[in-house]
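Accompanying notes for the structure given below.
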Amino acid sequence: MKLVFTYFRHIVFASAMLCSVAMYAQTNIYITHPTTPETTSVVAGVDSICFTNGQALFRSGSLSKVFNAKDVHTMGWKEHDLLRKQIMPESFRSDFDFDITFSDADRMLAGQAEPIVTQIEDKAYEDFVNNSAWTRHLTITYGGKTATVNGNVDGVEIQIDGNHVVVNSMAQEVEYTLTGNAEDGSFKLYGSDKAKLVLNGLHLSNTKGPAINNQCKKRLFLVLADGTDNVLTDGFTYIKTTGEDADGCIFSEGQICLSGSGALTVNGQYKNGIATDDYLHVISGFVRVTTSANKGHAIKIKDDFILGGGALHLLAQGTAAKGVNAFTVTVTGGKLTAIVTGDAIWDAADQDYSSACGVKSDSVMHLLGGEIRVLATGIGGKGVNVGQQDEKGDDLIIDGVNLYIRTSGERLQDTQGSTSPKGIKSSHNIEVKSGNIYVRCSGGDGAEGLEAKHDINFWGGKLRSYCYDDGANAINSEIHGGDIFVCSTANDGYDCNGGLYINGGTLYAIGASGAQAGIDNDGKTFGMNGGSVVSVGGYSSIPWDSKSNQASVLCYLKKAVNYVALVDADGNNVLTVKTPGTYNPLGVLLSSPNIQVGKTYKLLSFDTLDGGKEVGGVIEQPQYTNATTEYEFTPTNLLTTLGSKQ
């Protein structure tokens, strides 16, 4: 048995050898397993690989993961995926080459701030540090045997025990600057008014609690000084104060408003990286947060998480861990990259499984701008998860964001319950108005791209979803616009369990061969009223003539072909599409404003394209020879069915 590792060039290792390969820090390795169909595991953040005694050992910091050599086919930066080439039109394939990595270039985004709100009546006005006056200043320098304080403010009392600093403030408009280095120190604030905390090259570790602990219920303005690197680390265990919450390396009872163009690293060893009992508003800055605790969170927010600028790198490596967990999530700008690697775990309190997730909201989520990238590798892992189970109004709104989701986990099912991996999941509705969505889910049964427990509606935007299970799944769906491509290697492309209305846009759906469909709505109401639709699979659901005003053609072929062409009586091209060359039988549904009732058409098949350009799976100006006429027909109704799936 040999292992082939794609590392700029192919290197072959005998499985019995002892061989170690050092990696660039935080490199994602894609492992293809010799199964049919091929499956993939993703090991996130690999620092080194050791091959010995028929095993491959992957190390990431203090964590490790082992695979038997017989379970490994190829390894590389990008996924080895033969099915993509076999069943997917070429113009879509590169859409799924994206990877989720922590890019050092994101540090350049620190100074790209959310535009300041200048209208005092705007509810976000108070969140911007420049909209408040700061007339009193104190500097606390950590280092040596004890921290020192420069400045004196009436109404502010400071207690110092070594490098542990406790501030009691009754003053207003106070700015605290923290600087220096301490391996056993902390900053704790009690107060009655908002405060500004400037981190100016601060390296602070607390072995028995949070590094920064704000017990004031007012706003904490956390400012990262320009050009500085700041590092905060909490302890693995906490000595807690009776009557006080504190469950993060940075903890605040009040709101946290984070800004500045510096950098901050938060090492959450106890449970969470950044936690607040109110809301977090990230305006600018570069922040890297890590946690490895079970059920830990890089960012844990009791109320709202708001991202308007800057860049976040979130690494959560514990079971059921989260990159972001908040009551509501709003993203209008900035960039968030989350890598979560933990498996699902049974939650006795909720009597349900809790899964790891990149971005989780307990209520609504509005993704209105910026960029989000999520890699979830654990069993049952989710990229984006919105709302509580079947809770009405917990909607996901996508309108302007660039969203990249990659999951590789498998379904977990036992006598207690089950949980499945999802790229994007909503307990209620998903509304897509604009933006770009790229989803890749390869983890087996249940690994779906988009799942809404109620409706998915498209008004615009771009979707690319490539999954083992359904590319998209909902109860009802309306498509009014947008550019949609969905592909499943083992189930339906676009699965709608109730009413489906297509009124505009483009939809290209590929389901698996055999008993799976490109579009499947269980025979429920299906209206075709506009747009361009291609459905490829073993079969397809059919539009209802009574609910449609645009013609459609559904054809079945009892053989495998590479292309299907619909031409008029004179041989002029109407619609030519690429189909998987291995599906037998093959079901293809075509709908276009160019198909007219009462005109005569031919349905052709051929295997070789001599000329033309593929755009979104559709061949423009196709040229071919040796085409076979499968059907010749004249539609008398809006739906024409040619052949049968039996």
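Naming works like this for the structure tokens: A, B, ... for the chains as they're shown, residue 1 at the start of each chain, ligands 1 onward in shown order.
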Notebook entry, point to check: Skipping near chain neighbours, those fewer than 3 positions away, what residues fall within 10 Å of Ile283 (chain A) using only C-alpha atoms, listed as a ChimeraX atom specification?
Noted result: /A:110-116,127-129,223,257-261,280,306-311,333-334
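Shell of region 297-299 of chain A at 7 Å, with only C-alpha atoms counted and residues fewer than 3 places along the chain excluded, is Lys271, Asn272, Gly273, Ile274, Ala275, Val289, Thr290, Thr291, Leu314, Leu315, Ala316, Ala321, Lys322, Gly323, Val324 and Asn325 of chain A.
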Item checked: All strand (DSSP E or B) positions in region 239-480 of chain A, as a ChimeraX atom specification -> /A:248-252,256-260,263-268,272-276,280-282,286-291,297-301,304-307,311-316,322-326,328-331,335-340,345-347,352-354,357-361,365-367,371-376,382-386,396-407,412-413,418-419,422-426,430-441,448-452,455-467,472-474,476-480
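The interatomic distance for the pair CA of Leu450 (chain A) and CA of Gly531 (chain A) works out to 21.1 Å.
For the pair CA of Met108 (chain A) and CA of Leu224 (chain A), the separation is 13.9 Å.
Of the residues listed (A:Lys194, A:His428, A:Arg464, A:His203), A:His203 shows the shortest atom-to-atom separation from Thr179 (chain A); distances use only C-alpha atoms.
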Margin query: For a quick check of understanding, using only C-alpha atoms, which of A:Lys218, A:Arg440, A:Lys335, A:Lys295 has the smallest distance to Val282 (chain A)?
Written below: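 Under the stated criterion, the closest residue is A:Lys335.
In terms of minimum interatomic distance to Gly611 (chain A), A:Tyr624 ranks closest within A:Tyr624, A:Asp104, A:Asp395, A:Thr74, counting only C-alpha atoms.
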Next item on the list: Determine, counting only C-alpha atoms, which protein, DNA and RNA residues have an atom within 9 Å of an atom of region 29-39 of chain A; residues of the same chain fewer than 4 positions away are not included. Present the result as a ChimeraX atom specification.
Entry: /A:43-46,70-83,408,442-444,468,489-490
Give me, as a PDB file with N, CA, C and O atoms, in the first residue's frame, all polymer residues having an atom no more than 7 Å from Pro635 (chain A), counting only C-alpha atoms and skipping those fewer than 3 positions away in the same chain.
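Done, and the output landed in out00.pdb:
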ATOM      1  N   VAL A 597     -45.567  26.792 -27.862  1.00  0.00           N
ATOM      2  CA  VAL A 597     -46.617  25.822 -28.185  1.00  0.00           C
ATOM      3  C   VAL A 597     -47.012  25.994 -29.650  1.00  0.00           C
ATOM      4  O   VAL A 597     -47.145  27.110 -30.154  1.00  0.00           O
ATOM      5  N   GLY A 598     -47.185  24.855 -30.349  1.00  0.00           N
ATOM      6  CA  GLY A 598     -47.623  24.875 -31.735  1.00  0.00           C
ATOM      7  C   GLY A 598     -46.499  24.819 -32.742  1.00  0.00           C
ATOM      8  O   GLY A 598     -46.755  24.626 -33.942  1.00  0.00           O
ATOM      9  N   LYS A 599     -45.261  25.002 -32.332  1.00  0.00           N
ATOM     10  CA  LYS A 599     -44.123  24.891 -33.228  1.00  0.00           C
ATOM     11  C   LYS A 599     -43.530  23.485 -33.150  1.00  0.00           C
ATOM     12  O   LYS A 599     -43.624  22.820 -32.125  1.00  0.00           O
ATOM     13  N   THR A 640     -44.661  19.173 -22.364  1.00  0.00           N
ATOM     14  CA  THR A 640     -44.554  18.025 -23.266  1.00  0.00           C
ATOM     15  C   THR A 640     -43.636  16.998 -22.618  1.00  0.00           C
ATOM     16  O   THR A 640     -42.507  17.329 -22.231  1.00  0.00           O
TER      17      THR A 640
END
Next item on the list: May I have the residues within 12 Å of Ala569 (chain A) as a PyMOL selection string, using only C-alpha atoms and disregarding those fewer than 5 positions away in the same chain?
Entry: chain A and resi 574+598-604+629+631-634
With C-alpha atoms retained, write the just-selected residues as a compact mmCIF listing (two decimals), in the first residue's frame.
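After the write, again-v5.txt holds the following:
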# COMPACT_ATOMS: atom_id res chain seq x y z
CA VAL A 574 -33.12 26.45 -29.24
CA GLY A 598 -47.62 24.88 -31.73
CA LYS A 599 -44.12 24.89 -33.23
CA THR A 600 -42.32 21.72 -34.29
CA TYR A 601 -39.09 20.67 -32.58
CA LYS A 602 -36.57 17.86 -32.53
CA LEU A 603 -34.80 16.48 -29.51
CA LEU A 604 -31.27 15.36 -30.47
CA THR A 629 -32.90 12.36 -33.45
CA TYR A 631 -37.92 12.69 -30.65
CA GLU A 632 -39.77 14.94 -33.10
CA PHE A 633 -42.83 16.69 -31.68
CA THR A 634 -45.16 19.68 -31.75
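Residues in contact with Leu396 (chain A) at 10 Å, where only C-alpha atoms are counted and same-chain residues fewer than 5 positions away are skipped, are listed as Val329, Ser361, Ser363, Val364, Met365, His366, Leu367, Val384, Asn385, Val386, Gly387, Ile424, Lys425, Ser426, Ser427, His428, Asn429, Ile430, Glu431, Val432, Ala452 and Ile456 of chain A.
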Checklist line | Nearest to Lys559 (chain A) by atom-to-atom distance, counting only C-alpha atoms, from A:Ala515, A:Val439, A:Leu586, A:Val533 | finding: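 Of A:Ala515, A:Val439, A:Leu586, A:Val533, the one nearest Lys559 (chain A), counting only C-alpha atoms, is A:Leu586.
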